[in-house]
Amino acid sequence: MKFLYDLLIQEFGRRTLEKTTVPDSIIDNIKHALRPYQVEAFQRFILCYTEKFNDKPPLPLHLLFNMATGSGKTLIMAGLILYLYEKGYRNFLFFVNLDNIIQKTKENFLNPLATKYLFKEKIIIAGEECFIKEVENFDESEDKNIHIKFTTIQKLHSDLTTAKENNITYEDFKNKKIVLIADEAHHLNAGTRGKSLLGSWEDTIEKIHKSNFGNILLEFTATLDYESPELRNKYENKVIYKYDLAQFRANKYSKEINLFRSQYDEQERIVQSLILNLYRQILAVEHDINLKPVILFKAKRTIAESETNKKNFHELIDNISEKNIEHIRQTSTVPIIHKAFRFFDAKKITSSDIAEKIRFYFIPENCISANNDTETEKNQILLNTLEDANNPIRAIFAVQKLNEGWDVLNLFDIVRLYEGHDGQNSKIGKVTLSEAQLIGRGARYFPFRLDESQDKYTRKFDNNTKNDLRVLEELYYHTKEDSRYISELKTALIQTGIYEDDKNLETKQLFLKPDFKKSDFYKNGYVVFNKKIIKDFHNIRSFADLGVTKRNYLYKLASGKGRVTRAFDFLESPVSSQELTRDMKLSDIPYHILRFALTQNPFFYFENLAHYFPNIRSISNFINDKNYLGGLEIKLEGDQENLKSITPLDYLGAVIGLLQFIETEIKSVTTEFEGSDYTYNYISEVFKDKEIKVEKNSERAKGQEELVTDKKWYVYNANYGTSEEKKFVELFARRFEQLKKNFSTIYLIRNERELKIYDKLGRTFEPDFLLFCKSKNKKNLTWQVFIEPKGTHLIAHDKWKEDFLNDIRKEQKTIKINTDEYIITGIPFYRYEKENDFAKELEDVLNNSTHKF
C-alpha cells in the first residue's frame, strides 16, 4: 500500500492539487505570506477532508504532517485551526512532550504583541470576528470563538489517569467534536514500537480521538522512522504530507550546515567561534543588515558541566587579549577564518580591537543558561525572541533542553565543549542523536535581502559561495577532529532522537464501605451542588450594570492618531501650553459617523451587543440611550486651529478608538459563565466505587488505612490524598467524639473528582472533602460542609477558592428537599500549621461554640 501523500497524487493528480483553493479564512487571517510548500500542505488537507476517494482514511480522521524543523509546522497548525473553525469546530487540544514548547506555542497563538504571533490583528471569518481563547477544559467553550487547551502529553496522560482536582477527564470529551493537535508527535509512538498501547501516552490519545466520530487528530513531526515496520503500518494511510529536511534544504529555506573540525582545545574552539561571531556582526552592519549572531555552547550530559563551561567562558572573556586572537590567526588552517582576518585587516580592525569588542559584546548580562526546567521557563521569552532588536543575548549554554521546540533564526555557531562519542557497534549514540537534533534547530535561515528583488527567506549564494555574505547562510558546528565521531554525526543528521519518560503509576481500588452502602443516608440522603451555566445578562440595562465605569476618552487631534488612556478609567496627562481640549458628547457627533464606526468592529454588531446588553432594542437605541453610548463623551485634544476645524475623519478616528477600548473594558469585567443556583442528587448517584491511579512510592500511594479502615464516619476504604489531606483526617479523628455529641449521624467523604461546584465567574472547584452532619435535635436537618486542605505553596494560587468557600459560608443557604433541610456552608482552607484555627472555624460553622472542638 502507498503512503497517503502518494495516494492523493495518484487519485487526483498534481494539477487538481494545485487548483485546490486555500480559503480566505486562512489567507486573510495568517499574518505571514504562505510559502509554496505551506500552500501545498493546506491544499492536501482540504482535498483529503472534502473529497471522497478510494482508501481515504476512515473516521475519526487521523493525519500526520511530516515536515522539516523550521518549515513552519506551527503556522500550518494555525491555518488548519482557522479552516476547521470555519467548518464548525470550536475546540482544539494542543499537546506536546515539553513545557517550553507549550510556552512558545502560547506566545505564537495568544499574544498579539509577540514577535512570532501568527495571526493578524483581527481574525474575521465569514464576516464575523472570532477570538482565540485558552481554556482549561471545554466546558468553557462557546459557539463563536476558537478554544484551545494547551498541555504536555505527560500532564494530559496523568490528568486522565490520575485522580486530581480540576484535572480534565474523559467525560470532558464526550459529545464534543475536538481537534487534537500533536506537536513533536514521534514521542507518541512508544506503544506502537513496544507492540502494546495499554497504559501508554498513545493509548490515552487514541481513547480521546475515538470518543467522538467527528474528532480529528493532526500530528506534526520532523521525525518519522520509515524503516520501522510498526510505524510504517500505523502511518501509511495517515502521512498526508512529507516535506523533509532534504526538500527544505533543496528549496533553500535552511542554512547550510558545516562541520568545523580542528585540533584546537576547548578554549581555542571558543575563541575561534567568537572571531566568526564578530566577523558576521560587522559584515552584516556593512550591508545594512540588522543581525546579532548568537553562539550556543553545548555540554555533553550534565547541567554541572554546562555551568562549569559558563564559568570558564566568563573567565576567558575577562582575560581575552590580542595574544589569543593572534594565536588563531597564526595557527588556523580553515579558509573562513583566513577570510575573516582579511576582512578585519581591510577594515583596520586589529587583534587588540577584536579582543576588546569581544569583551564588550559577551559580558555576563548578554549570556544565558538554558538547562534545568526552572531556568528554561524563566528565560523562555529571551530564548524565543533572540532575533529581536532589544534582546541582548549573544551566548547560550545548554545541555539538551533546546533540542526540541526552540525557534531561533540567528544561531550561527554551535561549539561542542567535550570530546568522544557514545556510539557502539555502528549504532548511533544518544548524545550524537541529540546533537543532530540541535543542529537541525540551528539550521533555520536568518531572513535578509540586499534589494527588493531577493527573497529574504531563502539562500541567495548557493551559486556564489565566495560571496562574503555566504557566511550569513551557514551554520558552523565546532568540534574536535575525530573521524569516527564525525562519521557518526553525519549519519545522525538524517535521523532524530526518540526518548520518553515512563509514568510510574499503580492502580488503587477505592470503594465505599459495605456498612455505609447499607445506611439510610446512602440510600436516601442527598448532596447539594451547583452547575456551570452560561451567564445571564438579562438584568444588564447599562454600562454601569456590567461594572463598567464611564469616564471621558482622550483623543489627540494633532497627530492624527488617538492617544488614549485605559477605557473609562485613566489619569489624564497634563496638557502642554500649546494644547487645548474640548469635550464632545457622542450625541453631538453626526449620527452616520457613529453608525459607520460601529460597523467597523464586529464586537458592536447587534447580535453580539445583544448578548451583553439583551435589553437594547436596536443599534439606534444603543447609540442614543444615555445608559450606553449616549451618555459618553470624548475629550478632543489639539491646537486651537484643529479644534476649530474638526473633520469627519477626526470624529471617526475618535469614535473607533473609543469603541475599541469599550470592547476591551467590557471583556475585562465580564465572563461567559457563572455558577447556577443549588441543585441536588442522591448520595448513591454521586459517590461510587472507583479505580484510581497514583504515582508509585508517592504520598498519594499511601491509603491511611491504619486510621480510616475501622472508622464508620469515613465512608471510603482508604484516603489516597495529599499529606495535607491526611493531616486533616487525623485532626477530624481526634475531634470526632466531641462532634458526635451534637449530631446523630456524621459522614466524611473524600471527593475523588465526583462533585464540582462553580463560583460566580463559572470557575470549577472540586472540594477535597464533604462533611455531612445530621442534627440530633432536628432530625430532618443536615449540615453539608465543603472542606479543602491546602498546602502552603498553593495558598496564593488558589486564593479564589478560599474566597468562594467564604462566600458560601456567608450565604449559608438552606435548601429544602421534600421534608428535609440541608444547610450548605464552607470553611476556609485547612492548613496543618494552623489547624487549631481551622478547628475553631469548624466549631463556629456547626454552631458548637459552647464546646471545645
# chains A, B, ... in the order shown; residues from 1 in each chain; ligands from 1

call {"tool": "select_by_dssp", "arguments": {"residues": "region 461-677 of chain A", "states": "helix (DSSP H, G or I)", "output": "MDAnalysis selection string"}}
result
chainID A and resid 468:473 483:492 514:518 520:524 544:546 586:588 591:599 602:604 606:612 619:624 629:631 640:644 648:669

call {"tool": "write_last_selection", "arguments": {"atoms": "C-alpha atoms", "output": "CSV table (one decimal), in the first residue's frame"}}
result
chain,number,residue,atom,x,y,z
A,468,ASP,CA,31.3,37.4,1.6
A,469,LEU,CA,27.6,37.2,2.7
A,470,ARG,CA,27.6,33.4,2.3
A,471,VAL,CA,28.7,33.2,5.9
A,472,LEU,CA,25.3,34.6,6.9
A,473,GLU,CA,23.7,31.5,5.3
A,483,SER,CA,36.8,10.9,12.1
A,484,ARG,CA,34.7,8.2,13.9
A,485,TYR,CA,32.6,10.8,15.6
A,486,ILE,CA,32.2,12.9,12.5
A,487,SER,CA,31.0,9.8,10.6
A,488,GLU,CA,28.5,9.1,13.3
A,489,LEU,CA,27.3,12.6,13.4
A,490,LYS,CA,26.8,12.8,9.6
A,491,THR,CA,24.7,9.7,9.8
A,492,ALA,CA,22.7,11.1,12.7
A,514,PRO,CA,-20.4,-2.0,53.0
A,515,ASP,CA,-21.9,-0.5,56.2
A,516,PHE,CA,-22.1,2.9,54.5
A,517,LYS,CA,-23.9,1.4,51.5
A,518,LYS,CA,-26.5,-0.1,53.8
A,520,ASP,CA,-30.3,5.2,55.1
A,521,PHE,CA,-28.1,8.2,54.4
A,522,TYR,CA,-26.5,6.5,51.4
A,523,LYS,CA,-29.8,5.2,50.1
A,524,ASN,CA,-32.0,8.3,50.7
A,544,ALA,CA,-22.8,50.6,34.9
A,545,ASP,CA,-24.7,47.3,35.5
A,546,LEU,CA,-21.9,45.5,33.8
A,586,LEU,CA,-21.2,61.5,21.4
A,587,SER,CA,-24.7,62.7,20.9
A,588,ASP,CA,-23.3,65.8,19.2
A,591,TYR,CA,-25.2,60.0,13.7
A,592,HIS,CA,-24.0,58.5,10.4
A,593,ILE,CA,-20.4,58.6,11.7
A,594,LEU,CA,-21.3,56.8,14.9
A,595,ARG,CA,-23.2,54.2,12.9
A,596,PHE,CA,-20.4,53.7,10.5
A,597,ALA,CA,-17.8,53.3,13.3
A,598,LEU,CA,-19.9,50.6,14.8
A,599,THR,CA,-19.9,48.6,11.6
A,602,PRO,CA,-17.7,43.1,14.8
A,603,PHE,CA,-17.9,43.3,18.6
A,604,PHE,CA,-20.6,46.0,18.1
A,606,PHE,CA,-26.2,44.0,17.1
A,607,GLU,CA,-26.1,40.2,17.6
A,608,ASN,CA,-23.0,40.5,19.8
A,609,LEU,CA,-24.2,43.6,21.7
A,610,ALA,CA,-27.5,41.8,22.5
A,611,HIS,CA,-25.5,39.1,24.2
A,612,TYR,CA,-24.1,41.6,26.7
A,619,ILE,CA,-28.4,49.8,17.2
A,620,SER,CA,-30.1,53.2,17.3
A,621,ASN,CA,-31.1,52.6,20.9
A,622,PHE,CA,-27.6,51.7,21.8
A,623,ILE,CA,-26.3,54.9,20.2
A,624,ASN,CA,-28.8,57.2,21.7
A,629,LEU,CA,-23.1,55.4,24.1
A,630,GLY,CA,-25.5,58.4,24.5
A,631,GLY,CA,-24.1,59.1,27.9
A,640,GLN,CA,-6.7,75.9,18.5
A,641,GLU,CA,-6.9,75.6,14.8
A,642,ASN,CA,-7.5,71.9,14.8
A,643,LEU,CA,-10.2,72.2,17.4
A,644,LYS,CA,-12.0,74.8,15.3
A,648,PRO,CA,-15.4,63.9,9.9
A,649,LEU,CA,-12.3,61.7,9.8
A,650,ASP,CA,-11.3,63.1,13.2
A,651,TYR,CA,-14.7,62.2,14.6
A,652,LEU,CA,-14.5,58.7,13.1
A,653,GLY,CA,-11.0,58.0,14.4
A,654,ALA,CA,-12.0,59.2,17.9
A,655,VAL,CA,-15.2,57.1,17.9
A,656,ILE,CA,-13.4,53.9,16.6
A,657,GLY,CA,-10.8,54.3,19.3
A,658,LEU,CA,-13.4,54.8,22.0
A,659,LEU,CA,-15.3,51.7,20.8
A,660,GLN,CA,-12.1,49.6,20.8
A,661,PHE,CA,-11.5,50.4,24.5
A,662,ILE,CA,-15.1,50.0,25.4
A,663,GLU,CA,-14.8,46.5,24.0
A,664,THR,CA,-11.7,45.8,26.0
A,665,GLU,CA,-13.3,47.1,29.2
A,666,ILE,CA,-16.4,45.0,28.7
A,667,LYS,CA,-14.4,41.9,28.1
A,668,SER,CA,-12.2,42.5,31.2
A,669,VAL,CA,-15.2,42.8,33.6

call {"tool": "select_by_dssp", "arguments": {"residues": "region 300-437 of chain A", "states": "strand (DSSP E or B)", "output": "VMD selection string"}}
result
chain A and resid 367 to 370 395 to 398 411 to 416 424 427

call {"tool": "atom_distance", "arguments": {"atom1": "CA of Phe543 (chain A)", "atom2": "CA of Val135 (chain A)"}}
result
26.7 Å

call {"tool": "atom_distance", "arguments": {"atom1": "CA of His157 (chain A)", "atom2": "CA of Thr105 (chain A)"}}
result
19.6 Å

call {"tool": "residues_around", "arguments": {"residues": "Thr670 (chain A)", "least_positions_apart": "6", "cutoff": "10 Å", "atoms": "only C-alpha atoms", "output": "ChimeraX atom specification"}}
result
/A:535,537,546-548,612,761

call {"tool": "residues_around", "arguments": {"residues": "region 303-315 of chain A", "least_positions_apart": "6", "cutoff": "7 Å", "atoms": "only C-alpha atoms", "output": "MDAnalysis selection string"}}
result
chainID A and resid 364 371 397:399

call {"tool": "closest_residue", "arguments": {"among": "A:Lys144, A:Lys348, A:Arg90, A:Lys532", "to": "Glu128 (chain A)", "atoms": "only C-alpha atoms"}}
result
A:Lys144

call {"tool": "closest_residue", "arguments": {"among": "A:Asn697, A:Ser254, A:Thr20, A:Thr302", "to": "Phe446 (chain A)", "atoms": "only C-alpha atoms"}}
result
A:Ser254

call {"tool": "atom_distance", "arguments": {"atom1": "CA of Glu86 (chain A)", "atom2": "CA of Ile30 (chain A)"}}
result
14.2 Å

call {"tool": "residues_around", "arguments": {"residues": "Tyr85 (chain A)", "least_positions_apart": "3", "cutoff": "9 Å", "atoms": "only C-alpha atoms", "output": "number ranges by chain"}}
result
A: 25, 80-82, 88-91, 125, 145-146

call {"tool": "write_last_selection", "arguments": {"atoms": "N, CA and C atoms", "output": "mmCIF file, in the first residue's frame"}}
result
data_model
loop_
_atom_site.group_PDB
_atom_site.id
_atom_site.type_symbol
_atom_site.label_atom_id
_atom_site.label_comp_id
_atom_site.auth_asym_id
_atom_site.auth_seq_id
_atom_site.Cartn_x
_atom_site.Cartn_y
_atom_site.Cartn_z
ATOM 1 N N SER A 25 -10.365 32.194 4.882
ATOM 2 C CA SER A 25 -10.253 32.053 6.336
ATOM 3 C C SER A 25 -8.810 31.841 6.759
ATOM 4 N N LEU A 80 -4.863 25.505 9.901
ATOM 5 C CA LEU A 80 -5.858 24.432 9.981
ATOM 6 C C LEU A 80 -6.886 24.707 11.071
ATOM 7 N N ILE A 81 -6.470 25.336 12.148
ATOM 8 C CA ILE A 81 -7.432 25.741 13.183
ATOM 9 C C ILE A 81 -8.466 26.705 12.591
ATOM 10 N N LEU A 82 -8.005 27.677 11.806
ATOM 11 C CA LEU A 82 -8.928 28.636 11.189
ATOM 12 C C LEU A 82 -9.872 27.937 10.211
ATOM 13 N N GLY A 88 -16.915 24.395 11.465
ATOM 14 C CA GLY A 88 -17.771 24.113 12.606
ATOM 15 C C GLY A 88 -17.076 23.653 13.869
ATOM 16 N N TYR A 89 -15.767 23.476 13.836
ATOM 17 C CA TYR A 89 -15.041 23.060 15.039
ATOM 18 C C TYR A 89 -14.736 24.270 15.901
ATOM 19 N N ARG A 90 -14.851 24.066 17.208
ATOM 20 C CA ARG A 90 -14.601 25.153 18.148
ATOM 21 C C ARG A 90 -13.556 24.799 19.206
ATOM 22 N N ASN A 91 -13.308 23.523 19.388
ATOM 23 C CA ASN A 91 -12.462 23.070 20.498
ATOM 24 C C ASN A 91 -11.219 22.371 19.974
ATOM 25 N N ILE A 125 -13.818 35.694 10.157
ATOM 26 C CA ILE A 125 -14.221 34.519 9.390
ATOM 27 C C ILE A 125 -15.711 34.626 9.113
ATOM 28 N N ASN A 145 -16.119 31.351 19.246
ATOM 29 C CA ASN A 145 -14.673 31.541 19.291
ATOM 30 C C ASN A 145 -13.901 30.232 19.199
ATOM 31 N N ILE A 146 -12.586 30.370 19.038
ATOM 32 C CA ILE A 146 -11.680 29.236 18.984
ATOM 33 C C ILE A 146 -11.158 28.997 20.397
#

call {"tool": "residues_around", "arguments": {"residues": "Pro789 (chain A)", "least_positions_apart": "6", "cutoff": "6 Å", "atoms": "only C-alpha atoms", "output": "PDB file with all heavy atoms, in the first residue's frame"}}
result
ATOM      1  N   GLU A 724      -1.342  16.873  53.329  1.00  0.00           N
ATOM      2  CA  GLU A 724      -2.190  17.857  54.000  1.00  0.00           C
ATOM      3  C   GLU A 724      -3.581  17.283  54.239  1.00  0.00           C
ATOM      4  O   GLU A 724      -4.189  17.491  55.299  1.00  0.00           O
ATOM      5  CB  GLU A 724      -2.276  19.137  53.159  1.00  0.00           C
ATOM      6  CG  GLU A 724      -2.626  20.390  53.941  1.00  0.00           C
ATOM      7  CD  GLU A 724      -1.446  20.952  54.725  1.00  0.00           C
ATOM      8  OE1 GLU A 724      -0.295  20.531  54.455  1.00  0.00           O
ATOM      9  OE2 GLU A 724      -1.673  21.812  55.588  1.00  0.00           O
ATOM     10  N   GLU A 725      -4.096  16.562  53.268  1.00  0.00           N
ATOM     11  CA  GLU A 725      -5.412  15.949  53.414  1.00  0.00           C
ATOM     12  C   GLU A 725      -5.398  14.882  54.507  1.00  0.00           C
ATOM     13  O   GLU A 725      -6.366  14.747  55.273  1.00  0.00           O
ATOM     14  CB  GLU A 725      -5.856  15.362  52.077  1.00  0.00           C
ATOM     15  CG  GLU A 725      -6.180  16.425  51.032  1.00  0.00           C
ATOM     16  CD  GLU A 725      -6.253  15.860  49.625  1.00  0.00           C
ATOM     17  OE1 GLU A 725      -6.408  14.636  49.482  1.00  0.00           O
ATOM     18  OE2 GLU A 725      -6.136  16.640  48.666  1.00  0.00           O
ATOM     19  N   PHE A 829      -9.559  27.378  54.085  1.00  0.00           N
ATOM     20  CA  PHE A 829      -8.627  26.267  53.909  1.00  0.00           C
ATOM     21  C   PHE A 829      -8.123  25.694  55.240  1.00  0.00           C
ATOM     22  O   PHE A 829      -7.813  26.433  56.183  1.00  0.00           O
ATOM     23  CB  PHE A 829      -7.400  26.719  53.131  1.00  0.00           C
ATOM     24  CG  PHE A 829      -7.651  27.004  51.671  1.00  0.00           C
ATOM     25  CD1 PHE A 829      -6.798  27.851  50.974  1.00  0.00           C
ATOM     26  CD2 PHE A 829      -8.721  26.427  50.995  1.00  0.00           C
ATOM     27  CE1 PHE A 829      -7.004  28.115  49.630  1.00  0.00           C
ATOM     28  CE2 PHE A 829      -8.937  26.689  49.654  1.00  0.00           C
ATOM     29  CZ  PHE A 829      -8.079  27.540  48.970  1.00  0.00           C
ATOM     30  N   TYR A 830      -8.031  24.367  55.284  1.00  0.00           N
ATOM     31  CA  TYR A 830      -7.297  23.716  56.371  1.00  0.00           C
ATOM     32  C   TYR A 830      -5.817  23.761  56.027  1.00  0.00           C
ATOM     33  O   TYR A 830      -5.407  23.397  54.918  1.00  0.00           O
ATOM     34  CB  TYR A 830      -7.741  22.258  56.531  1.00  0.00           C
ATOM     35  CG  TYR A 830      -6.770  21.448  57.385  1.00  0.00           C
ATOM     36  CD1 TYR A 830      -6.893  21.425  58.767  1.00  0.00           C
ATOM     37  CD2 TYR A 830      -5.703  20.752  56.801  1.00  0.00           C
ATOM     38  CE1 TYR A 830      -5.993  20.714  59.554  1.00  0.00           C
ATOM     39  CE2 TYR A 830      -4.801  20.036  57.571  1.00  0.00           C
ATOM     40  CZ  TYR A 830      -4.934  20.025  58.944  1.00  0.00           C
ATOM     41  OH  TYR A 830      -4.042  19.322  59.722  1.00  0.00           O
TER      42      TYR A 830
END

call {"tool": "closest_residue", "arguments": {"among": "A:Ser352, A:Ser698, A:Ser519, A:Asn237", "to": "Ile746 (chain A)", "atoms": "only C-alpha atoms"}}
result
A:Ser519

call {"tool": "closest_residue", "arguments": {"among": "A:Val22, A:Ile240, A:Leu846, A:Leu557", "to": "Ser645 (chain A)", "atoms": "only C-alpha atoms"}}
result
A:Leu557

call {"tool": "closest_residue", "arguments": {"among": "A:Leu316, A:Leu47, A:Leu84, A:Val271", "to": "Arg14 (chain A)", "atoms": "only C-alpha atoms"}}
result
A:Leu47

call {"tool": "residues_around", "arguments": {"residues": "Thr162 (chain A)", "least_positions_apart": "2", "cutoff": "10 Å", "atoms": "only C-alpha atoms", "output": "number ranges by chain"}}
result
A: 155-160, 164-165, 167, 169, 505-507, 691-695

call {"tool": "closest_residue", "arguments": {"among": "A:Thr581, A:Thr333, A:Ser618, A:Ser351", "to": "Arg261 (chain A)", "atoms": "only C-alpha atoms"}}
result
A:Thr333

call {"tool": "decode", "arguments": {"residues": "region 285-307 of chain A", "atoms": "N, CA, C and O atoms", "output": "PDB file, in the first residue's frame"}}
result
ATOM      1  N   VAL A 285      26.495  44.616   9.390  1.00  0.00           N
ATOM      2  CA  VAL A 285      26.347  46.068   9.514  1.00  0.00           C
ATOM      3  C   VAL A 285      26.796  46.763   8.238  1.00  0.00           C
ATOM      4  O   VAL A 285      26.165  47.726   7.775  1.00  0.00           O
ATOM      5  N   GLU A 286      27.862  46.258   7.661  1.00  0.00           N
ATOM      6  CA  GLU A 286      28.392  46.843   6.417  1.00  0.00           C
ATOM      7  C   GLU A 286      27.362  46.816   5.288  1.00  0.00           C
ATOM      8  O   GLU A 286      27.395  47.646   4.381  1.00  0.00           O
ATOM      9  N   HIS A 287      26.441  45.853   5.357  1.00  0.00           N
ATOM     10  CA  HIS A 287      25.439  45.709   4.296  1.00  0.00           C
ATOM     11  C   HIS A 287      24.043  46.082   4.784  1.00  0.00           C
ATOM     12  O   HIS A 287      23.036  45.659   4.201  1.00  0.00           O
ATOM     13  N   ASP A 288      23.976  46.857   5.858  1.00  0.00           N
ATOM     14  CA  ASP A 288      22.704  47.346   6.407  1.00  0.00           C
ATOM     15  C   ASP A 288      21.758  46.205   6.774  1.00  0.00           C
ATOM     16  O   ASP A 288      20.537  46.303   6.605  1.00  0.00           O
ATOM     17  N   ILE A 289      22.333  45.146   7.279  1.00  0.00           N
ATOM     18  CA  ILE A 289      21.542  44.007   7.755  1.00  0.00           C
ATOM     19  C   ILE A 289      21.559  44.026   9.281  1.00  0.00           C
ATOM     20  O   ILE A 289      22.632  44.048   9.894  1.00  0.00           O
ATOM     21  N   ASN A 290      20.387  44.044   9.873  1.00  0.00           N
ATOM     22  CA  ASN A 290      20.292  44.098  11.328  1.00  0.00           C
ATOM     23  C   ASN A 290      20.423  42.691  11.896  1.00  0.00           C
ATOM     24  O   ASN A 290      19.454  41.935  11.963  1.00  0.00           O
ATOM     25  N   LEU A 291      21.610  42.334  12.302  1.00  0.00           N
ATOM     26  CA  LEU A 291      21.882  40.979  12.770  1.00  0.00           C
ATOM     27  C   LEU A 291      22.709  41.004  14.045  1.00  0.00           C
ATOM     28  O   LEU A 291      23.701  41.725  14.143  1.00  0.00           O
ATOM     29  N   LYS A 292      22.282  40.187  14.996  1.00  0.00           N
ATOM     30  CA  LYS A 292      23.063  39.915  16.195  1.00  0.00           C
ATOM     31  C   LYS A 292      23.276  38.402  16.228  1.00  0.00           C
ATOM     32  O   LYS A 292      22.417  37.650  16.699  1.00  0.00           O
ATOM     33  N   PRO A 293      24.405  37.914  15.736  1.00  0.00           N
ATOM     34  CA  PRO A 293      24.630  36.464  15.696  1.00  0.00           C
ATOM     35  C   PRO A 293      24.795  35.877  17.091  1.00  0.00           C
ATOM     36  O   PRO A 293      25.379  36.503  17.985  1.00  0.00           O
ATOM     37  N   VAL A 294      24.283  34.674  17.276  1.00  0.00           N
ATOM     38  CA  VAL A 294      24.282  34.003  18.567  1.00  0.00           C
ATOM     39  C   VAL A 294      25.111  32.726  18.489  1.00  0.00           C
ATOM     40  O   VAL A 294      25.128  32.046  17.455  1.00  0.00           O
ATOM     41  N   ILE A 295      25.792  32.413  19.593  1.00  0.00           N
ATOM     42  CA  ILE A 295      26.569  31.177  19.717  1.00  0.00           C
ATOM     43  C   ILE A 295      25.949  30.315  20.803  1.00  0.00           C
ATOM     44  O   ILE A 295      25.536  30.832  21.851  1.00  0.00           O
ATOM     45  N   LEU A 296      25.886  29.017  20.585  1.00  0.00           N
ATOM     46  CA  LEU A 296      25.462  28.088  21.616  1.00  0.00           C
ATOM     47  C   LEU A 296      26.634  27.199  22.011  1.00  0.00           C
ATOM     48  O   LEU A 296      27.293  26.613  21.146  1.00  0.00           O
ATOM     49  N   PHE A 297      26.879  27.105  23.311  1.00  0.00           N
ATOM     50  CA  PHE A 297      27.953  26.269  23.835  1.00  0.00           C
ATOM     51  C   PHE A 297      27.335  25.019  24.463  1.00  0.00           C
ATOM     52  O   PHE A 297      26.596  25.099  25.445  1.00  0.00           O
ATOM     53  N   LYS A 298      27.641  23.881  23.874  1.00  0.00           N
ATOM     54  CA  LYS A 298      26.957  22.623  24.203  1.00  0.00           C
ATOM     55  C   LYS A 298      27.788  21.779  25.153  1.00  0.00           C
ATOM     56  O   LYS A 298      28.941  21.453  24.882  1.00  0.00           O
ATOM     57  N   ALA A 299      27.156  21.429  26.305  1.00  0.00           N
ATOM     58  CA  ALA A 299      27.757  20.477  27.233  1.00  0.00           C
ATOM     59  C   ALA A 299      27.279  19.076  26.874  1.00  0.00           C
ATOM     60  O   ALA A 299      26.266  18.892  26.195  1.00  0.00           O
ATOM     61  N   LYS A 300      27.984  18.068  27.379  1.00  0.00           N
ATOM     62  CA  LYS A 300      27.693  16.701  26.962  1.00  0.00           C
ATOM     63  C   LYS A 300      26.462  16.132  27.645  1.00  0.00           C
ATOM     64  O   LYS A 300      25.498  15.755  26.992  1.00  0.00           O
ATOM     65  N   ARG A 301      26.491  16.057  28.981  1.00  0.00           N
ATOM     66  CA  ARG A 301      25.420  15.339  29.660  1.00  0.00           C
ATOM     67  C   ARG A 301      24.783  16.093  30.829  1.00  0.00           C
ATOM     68  O   ARG A 301      23.589  15.982  31.061  1.00  0.00           O
ATOM     69  N   THR A 302      25.564  16.824  31.581  1.00  0.00           N
ATOM     70  CA  THR A 302      25.053  17.327  32.853  1.00  0.00           C
ATOM     71  C   THR A 302      24.997  18.844  32.902  1.00  0.00           C
ATOM     72  O   THR A 302      25.749  19.547  32.220  1.00  0.00           O
ATOM     73  N   ILE A 303      24.100  19.327  33.750  1.00  0.00           N
ATOM     74  CA  ILE A 303      23.983  20.763  33.989  1.00  0.00           C
ATOM     75  C   ILE A 303      25.267  21.285  34.631  1.00  0.00           C
ATOM     76  O   ILE A 303      25.726  22.395  34.322  1.00  0.00           O
ATOM     77  N   ALA A 304      25.865  20.480  35.505  1.00  0.00           N
ATOM     78  CA  ALA A 304      27.108  20.905  36.161  1.00  0.00           C
ATOM     79  C   ALA A 304      28.190  21.181  35.132  1.00  0.00           C
ATOM     80  O   ALA A 304      28.954  22.154  35.253  1.00  0.00           O
ATOM     81  N   GLU A 305      28.273  20.333  34.121  1.00  0.00           N
ATOM     82  CA  GLU A 305      29.256  20.560  33.051  1.00  0.00           C
ATOM     83  C   GLU A 305      28.986  21.883  32.342  1.00  0.00           C
ATOM     84  O   GLU A 305      29.910  22.653  32.059  1.00  0.00           O
ATOM     85  N   SER A 306      27.703  22.141  32.071  1.00  0.00           N
ATOM     86  CA  SER A 306      27.350  23.376  31.383  1.00  0.00           C
ATOM     87  C   SER A 306      27.653  24.600  32.234  1.00  0.00           C
ATOM     88  O   SER A 306      28.140  25.618  31.731  1.00  0.00           O
ATOM     89  N   GLU A 307      27.381  24.496  33.539  1.00  0.00           N
ATOM     90  CA  GLU A 307      27.668  25.621  34.424  1.00  0.00           C
ATOM     91  C   GLU A 307      29.171  25.874  34.525  1.00  0.00           C
ATOM     92  O   GLU A 307      29.625  27.021  34.606  1.00  0.00           O
TER      93      GLU A 307
END
